[in-house]
Amino acid sequence: MHDDRALVEARLKRVLNERIRPALYPESIPLDVAAWVAPGEPVPVAEGLSARHSPVAVGEMWGAPWATTWFRVRGEVPREWAGRTVEAVLDLGFDERMPGFQCEALVYTPDGSPVKGLNPRNQWVRVGAPVRGGERVEWHLEAASNPVILDVPPFQPTHLGDRETAGSAPQYRLTRMDLAVFDTTVWELIQDLEVLGELMAELAEDSPRRWEVLRAVGRALDAVDLQDVNGTADAARAELREVLAAPAGASAHRISAVGHAHIDSAWLWPLRETVRKVARTTANMTALLEDEPEFVYAMSQAQQYAWIKEHRPEVYAKVKKAVAEGRFVPAGGMWVESDTNMPGSEAMARQFVHGKRFFMAEFGVENDEAWLPDTFGFAAGLPQIIKAAGAKWLLTQKISWSQINAFPHHTFRWEGIDGTRIFTHFPPVDTYNCQMAGSELAHAARNFKDKGVARRSLAPTGWGDGGGGTTREMIAKARRLRDLDGSPVVEWERPADFFAKAEAEYPQAPVWVGELYLELHRATLTSQARTKRGNRRSEQLLREAELWSATAAVRTQHPYPYAQLDRIWKTVLLHQFHDILPGSSIAWVHREAEKTYAAVAAELEDIIAGALSALAGAGDHELVVNSAPHTRGGVAAGAIASAVTEAGGPGEVRAEAREGGGFVLVNGLLRIEIDDRGLIVSAYDIAAERETVAPGHAANLLQIHPDFPNMWDAWDVDAFYRNVVTDLTAADEVALGEVTQDAATVHVSRSFGKSRVKQALTLARGQRRLDIDTEADWHETEKFLKAAFPLDIHAERYAAETQFGHLYRPTHTNTSWEAAKFEACAHRFVQVEEPGWGVALVNDATYGHDVTRTVRNDGDRGTTTTVRLSLLRAPRFPDPETDQGLHRFRYALAPGAAIGDAVREGHRINLPERRITGAGPVAPVITVDNDATVVTAVKLADDASGDVVVRLHEAHGGRARTTLTTGFELADAVTTDLLERPTDDGPAIERRGNAVRMTLRPFQIVTLRLSHD
């Protein structure tokens, strides 16, 4: 019997590939083809349609990298084909292995109406079913010759990732441009045989059902006349009807299929190409929805809908119609499928604000789910943000990529840092590009970890990453799998329907507390440092622009730039997409991002300057502007105060030569020793009488590692990178710079390899931190640069800032889960503490770091806890020039820092004070009386009502009794969700005059809407 099975399986494969599939189009005639190559970037449709085309022939090469070719195809349906189904078969030279990663096209009618997209698994355009015969056909194909960057073997350095370096050699050979008869019966037979063949392969060898299927497939193949497949296909299908009609068992796993095309908003293609990818895919999906009544399609990312609306309004009209019918589902409620580790608190909130607002305004749809199938891990603050945005569910798939520890659940409740729980699902199919293959569905059923208490899972179905979406073949398979013995039951469902059923059947789902850490792609916290710096700077400038614009609007009636801020926010949110901010896109994407961030910064600086000018008024008084959320130098948060110059006195900075070389800096709070190598060998907290640097060690030690991961160069750093390390201790120069009573600086220069680093170590008056400004001219390849701070602290855990709070991670590696977190994310600070005394490292541009602990072998046998900031990498794929050139970082060592000090210093380094001139001080528009309460946003309400919106949170991890006081006559105060709608899901507030009192839970987010007279 085994031999029979093997023979049938081999026979099925050969007959399908060599006889039945080729019979799908039994008759064909060539189309007339002409082409025009657009100069430079893509042109408007009207220009492509009206251009002068030149004849081309099948077999000719076409398509320089990133170019656009407009093909015109014409023909006439033969009259003898009347009554038959006819399609155009348009093969641009596709490689069927990689839909979405190569050439694609959007088909238009001569009047410019979009018809459908062409890709490797979607090469057809329907002419008629049936045709009359004699129809004249004409289409125009806007064909993008995108290069195949992720080829086999993958991860090889290539200059194809930027039009400026990709060259002009044609990449594709025009393969087929025909009108052809489409044999529907043969097509259905193909689907029958594929479903049963794949089912047969997954059934147990001793399963009677397997042998029933095998015998039926054998009979069907016997019924096929290999010299007349078209004439015998119906007879072959008849042999399969009985096995296809056998119903699934009552206990079968249930799969909710959701049509899907996870389209990366940029990755191995630039943003402008994603605009066209979305148009091609949605054109196909809206057409498929019209043909297939049971089909449901979901698309996330409001940005992508906005692109269609702007660039392809005809396609958008079809999308809106399908959304209104409940068939095309706006999913996720975010502006893009962003990274969730690195975006700051407000940015993460605004992803939902802008996404949900767009879907509600355009479609009247509000999402209950967050949809992030491909994001590289999930920050511990996210559940509260999702809930505060009015959602309650989360879907992702990416955690299944973890290399070391298998996540123990597929359906569970995820608890964030404030105790909020979100019902979460990881599809056990382990892909967000499900093709309805039998192997995928069987894997989902076997893999599902919550058997016995739940039996539902979701399968995002369709070609993704580069787009394409669901195909008619996938829908045909799902139809056969709706109720088929031996298979999970498949039903097309909207995400919300799946979640409602899944939550109802599993009310006591297990709880996972803390971040959802992806044990992969850890290097995305460091790659493309300029993109990360641009993001951080944009976030801080947006905070300032909103704060001062709102203050100026309330104080002086200065116009609030609603539309301008809205547009800038959307630009910044777009660049937080999970292949842009993480640094895993091609060179073109990051080259453009750098220019975009520069333009955003310039525009925001203009907004800030205009608002501050309106507030300060005309005058020549020197004023200090404090945008940080805490008082600084006597200047209240959100205030403009007169500059004060002190002449000498306590805290004056001194600098002197150090015995043995180097320098000593003292300010009455800290005593810093920098040796002749330019390394910090002592950072002494004078009041606490406590040394920061571990004995025998030096801090601010730059270390360089070889960095050649096994794959996914820009994404991954593998643990073995730590096996080899070079300490950069040689200094070209260690010199004392300017010394005043207010600050003293030591300058250090180092050369290594082809690179150079210059650092300025500054101790300022009245500050409990040492600032380190670093300029790196980086020209290494496949290297990893770290800055190490060995601390004389015994700690089993450390704090790392995340959105609206911080989380604790272990410093030890007791378990494989802990060992896997050898590179992790922090926002503005990392803090390590023994009871009563701690140290913080704060930064203005970095995210990746590692923390380790070792036991010293000296007589003290104390513990050294080493914190290392990840500064630069140099992977060669997908951008072979990643991070080459000049970079600037600012970080600071803060001895004696408790968690509150870390929070405060983290904000200060990111929001340096400004100095302006004007008529005089300006009081803040709002103040809070508790340093544990951090204000993340002060703005005017998005509805242009003039109400002031304040978002704040508890930042220390404890309870906070807080009074917020307005600098204006307060008419009313209400708590709202992130979308500024009143909500009861917040703390009780007590208003007395212009003061609002409340008590916050640990890390609780509160949004207040404040009305004024």
# chains A, B, ... in the order shown; residues from 1 in each chain; ligands from 1

call {"tool": "residues_around", "arguments": {"residues": "Tyr891 in chain A", "least_positions_apart": "2", "cutoff": "9 Å", "atoms": "only C-alpha atoms", "output": "ChimeraX atom specification"}}
result
/A:770-774,841-846,889,893,909

call {"tool": "write_last_selection", "arguments": {"atoms": "C-alpha atoms", "output": "compact mmCIF listing (two decimals), in the first residue's frame"}}
result
# COMPACT_ATOMS: atom_id res chain seq x y z
CA LEU A 770 28.14 63.97 33.09
CA ASP A 771 27.17 64.80 29.51
CA ILE A 772 28.96 62.97 26.71
CA ASP A 773 28.62 64.40 23.22
CA THR A 774 29.89 61.98 20.59
CA LEU A 841 22.25 56.36 31.53
CA VAL A 842 20.15 58.77 29.49
CA ASN A 843 20.34 59.41 25.75
CA ASP A 844 18.93 61.58 22.99
CA ALA A 845 19.03 59.21 20.02
CA THR A 846 19.74 55.56 20.81
CA PHE A 889 24.93 61.14 19.78
CA LEU A 893 25.90 59.27 33.07
CA ILE A 909 18.63 65.66 27.51

call {"tool": "residues_around", "arguments": {"residues": "Leu31 in chain A", "least_positions_apart": "3", "cutoff": "9 Å", "atoms": "only C-alpha atoms", "output": "PDB file with N, CA and C atoms, in the first residue's frame"}}
result
ATOM      1  N   VAL A  73      -1.452  47.061 -25.203  1.00  0.00           N
ATOM      2  CA  VAL A  73      -1.751  45.781 -25.855  1.00  0.00           C
ATOM      3  C   VAL A  73      -3.111  45.891 -26.543  1.00  0.00           C
ATOM      4  N   ARG A  74      -3.169  45.388 -27.770  1.00  0.00           N
ATOM      5  CA  ARG A  74      -4.399  45.450 -28.568  1.00  0.00           C
ATOM      6  C   ARG A  74      -4.640  44.107 -29.239  1.00  0.00           C
ATOM      7  N   GLY A  75      -5.898  43.813 -29.462  1.00  0.00           N
ATOM      8  CA  GLY A  75      -6.233  42.585 -30.185  1.00  0.00           C
ATOM      9  C   GLY A  75      -7.723  42.485 -30.435  1.00  0.00           C
ATOM     10  N   GLU A  76      -8.101  41.375 -31.087  1.00  0.00           N
ATOM     11  CA  GLU A  76      -9.510  41.124 -31.397  1.00  0.00           C
ATOM     12  C   GLU A  76      -9.820  39.668 -31.100  1.00  0.00           C
ATOM     13  N   ALA A  88      -7.034  37.652 -21.274  1.00  0.00           N
ATOM     14  CA  ALA A  88      -5.697  38.015 -21.732  1.00  0.00           C
ATOM     15  C   ALA A  88      -4.699  37.442 -20.733  1.00  0.00           C
ATOM     16  N   MET A 177       2.114  37.655 -24.240  1.00  0.00           N
ATOM     17  CA  MET A 177       1.084  38.688 -24.381  1.00  0.00           C
ATOM     18  C   MET A 177       0.029  38.140 -25.337  1.00  0.00           C
ATOM     19  N   ASP A 178      -0.919  37.376 -24.806  1.00  0.00           N
ATOM     20  CA  ASP A 178      -1.873  36.639 -25.635  1.00  0.00           C
ATOM     21  C   ASP A 178      -3.308  36.892 -25.195  1.00  0.00           C
ATOM     22  N   LEU A 179      -4.227  36.695 -26.163  1.00  0.00           N
ATOM     23  CA  LEU A 179      -5.622  36.423 -25.847  1.00  0.00           C
ATOM     24  C   LEU A 179      -5.774  34.916 -25.836  1.00  0.00           C
TER      25      LEU A 179
END

call {"tool": "closest_residue", "arguments": {"among": "A:Pro247, A:Pro880, A:Gly662, A:Gly900", "to": "Glu733 in chain A", "atoms": "only C-alpha atoms"}}
result
A:Gly662

call {"tool": "select_by_dssp", "arguments": {"residues": "range 864-1002 of chain A", "states": "alpha helix (DSSP H)", "output": "list in words"}}
result
Ile899, Gly900, Asp901, Ala902, Val903, Arg904, Glu905, Gly906, His907, Arg908, Ile909 and Asn910 of chain A

call {"tool": "select_by_dssp", "arguments": {"residues": "range 634-751 of chain A", "states": "strand (DSSP E)", "output": "PyMOL selection string"}}
result
chain A and resi 639-642+654-657+663-666+670-674+680-685+690-691+701-706+726-728+733-739+743-751

call {"tool": "residues_around", "arguments": {"residues": "Glu969 in chain A", "least_positions_apart": "5", "cutoff": "7 Å", "atoms": "only C-alpha atoms", "output": "compact mmCIF listing (two decimals) with C-alpha atoms, in the first residue's frame"}}
result
# COMPACT_ATOMS: atom_id res chain seq x y z
CA ASN A 994 -8.69 76.33 38.01
CA HIS A 1012 -11.93 77.80 29.01
CA ASP A 1013 -14.01 80.95 28.90

call {"tool": "atom_distance", "arguments": {"atom1": "CA of Ala897 in chain A", "atom2": "CA of Arg654 in chain A"}}
result
22.2 Å

call {"tool": "residues_around", "arguments": {"residues": "Arg828 in chain A", "least_positions_apart": "6", "cutoff": "12 Å", "atoms": "only C-alpha atoms", "output": "number ranges by chain"}}
result
A: 342-345, 536, 540, 799-806, 840-849, 869, 890-892, 901-911

call {"tool": "residues_around", "arguments": {"residues": "range 322-327 of chain A", "least_positions_apart": "3", "cutoff": "10 Å", "atoms": "only C-alpha atoms", "output": "list in words"}}
result
Gly259, Met285, Thr286, Ala287, Leu289, Glu290, Pro293, Glu294, Phe295, Val296, Tyr297, Ala298, Tyr316, Ala317, Lys318, Val319, Pro330, Glu362, Phe363, Gly364, Val365, Glu493 and Arg494 of chain A

call {"tool": "write_last_selection", "arguments": {"atoms": "C-alpha atoms", "output": "short mmCIF file (atom, residue, chain, number, x, y, z; two decimals), in the first residue's frame"}}
result
data_model
loop_
_atom_site.label_atom_id
_atom_site.label_comp_id
_atom_site.auth_asym_id
_atom_site.auth_seq_id
_atom_site.Cartn_x
_atom_site.Cartn_y
_atom_site.Cartn_z
CA GLY A 259 -8.32 38.06 2.85
CA MET A 285 -9.28 42.79 -4.30
CA THR A 286 -12.29 44.96 -5.10
CA ALA A 287 -12.72 43.04 -8.36
CA LEU A 289 -15.06 40.87 -3.98
CA GLU A 290 -17.48 41.47 -6.84
CA PRO A 293 -19.76 36.69 -2.59
CA GLU A 294 -18.34 34.83 0.42
CA PHE A 295 -14.94 36.55 0.29
CA VAL A 296 -13.91 39.09 2.96
CA TYR A 297 -10.80 41.23 2.63
CA ALA A 298 -9.06 43.23 5.37
CA TYR A 316 -10.79 54.33 -3.83
CA ALA A 317 -14.43 54.69 -4.89
CA LYS A 318 -14.61 50.90 -5.25
CA VAL A 319 -12.96 50.48 -1.85
CA PRO A 330 -10.34 48.61 7.38
CA GLU A 362 -13.94 58.08 5.66
CA PHE A 363 -15.94 54.91 6.36
CA GLY A 364 -17.80 55.33 9.62
CA VAL A 365 -15.80 52.38 10.95
CA GLU A 493 -14.79 36.15 8.40
CA ARG A 494 -14.11 39.71 9.40
#

call {"tool": "closest_residue", "arguments": {"among": "A:Ala235, A:Ala389, A:Ala478, A:Leu520", "to": "Leu978 in chain A", "atoms": "only C-alpha atoms"}}
result
A:Ala389

call {"tool": "closest_atom_pairs", "arguments": {"of": "range 534-603 of chain A", "to": "range 622-645 of chain A", "cutoff": "12 Å", "atoms": "only C-alpha atoms", "output": "CSV"}}
result
residue,atom,partner,partner_atom,distance
A:Gln540,CA,A:Ser627,CA,9.3
A:Leu541,CA,A:Ser627,CA,9.7
A:Leu542,CA,A:Ser627,CA,11.1
A:Arg543,CA,A:Ser627,CA,8.2
A:Glu544,CA,A:Ser627,CA,6.2
A:Ala545,CA,A:Ser627,CA,9.7
A:Glu546,CA,A:Ser627,CA,10.5
A:Leu547,CA,A:Gly638,CA,7.4
A:Trp548,CA,A:Gly638,CA,8.0
A:Ser549,CA,A:Gly638,CA,11.5
A:Ala550,CA,A:Gly638,CA,10.8
A:Thr551,CA,A:Gly638,CA,8.7
A:Ala552,CA,A:Gly638,CA,11.6

call {"tool": "residues_around", "arguments": {"residues": "Glu9 in chain A", "least_positions_apart": "4", "cutoff": "9 Å", "atoms": "only C-alpha atoms", "output": "PyMOL selection string"}}
result
chain A and resi 4-5+13-14+197+200-201+214+217-218

call {"tool": "write_last_selection", "arguments": {"atoms": "C-alpha atoms", "output": "JSON list (two decimals), in the first residue's frame"}}
result
[["chain", "number", "residue", "atom", "x", "y", "z"],
["A", 4, "ASP", "CA", 0.63, 2.68, -4.16],
["A", 5, "ARG", "CA", 0.55, 5.93, -2.19],
["A", 13, "LYS", "CA", 2.45, 15.92, -9.35],
["A", 14, "ARG", "CA", 3.60, 15.12, -12.86],
["A", 197, "GLY", "CA", -3.40, 16.13, -2.90],
["A", 200, "MET", "CA", -3.73, 13.47, 1.47],
["A", 201, "ALA", "CA", -0.15, 14.46, 2.30],
["A", 214, "LEU", "CA", -5.75, 8.50, -2.60],
["A", 217, "VAL", "CA", -7.32, 10.83, -6.94],
["A", 218, "GLY", "CA", -6.04, 7.74, -8.71]]

call {"tool": "closest_residue", "arguments": {"among": "A:Gly957, A:Gln767, A:Val950, A:Pro507", "to": "Thr1007 in chain A", "atoms": "only C-alpha atoms"}}
result
A:Val950

call {"tool": "atom_distance", "arguments": {"atom1": "CA of Ser538 in chain A", "atom2": "CA of Phe1003 in chain A"}}
result
24.1 Å

call {"tool": "residues_around", "arguments": {"residues": "range 334-341 of chain A", "least_positions_apart": "6", "cutoff": "7 Å", "atoms": "only C-alpha atoms", "output": "number ranges by chain"}}
result
A: 301-303, 351-352, 354-356, 372, 375-379, 573-574, 576-578, 825

call {"tool": "closest_residue", "arguments": {"among": "A:Ala523, A:Val195, A:Val275, A:Leu886", "to": "Ser584 in chain A", "atoms": "only C-alpha atoms"}}
result
A:Ala523
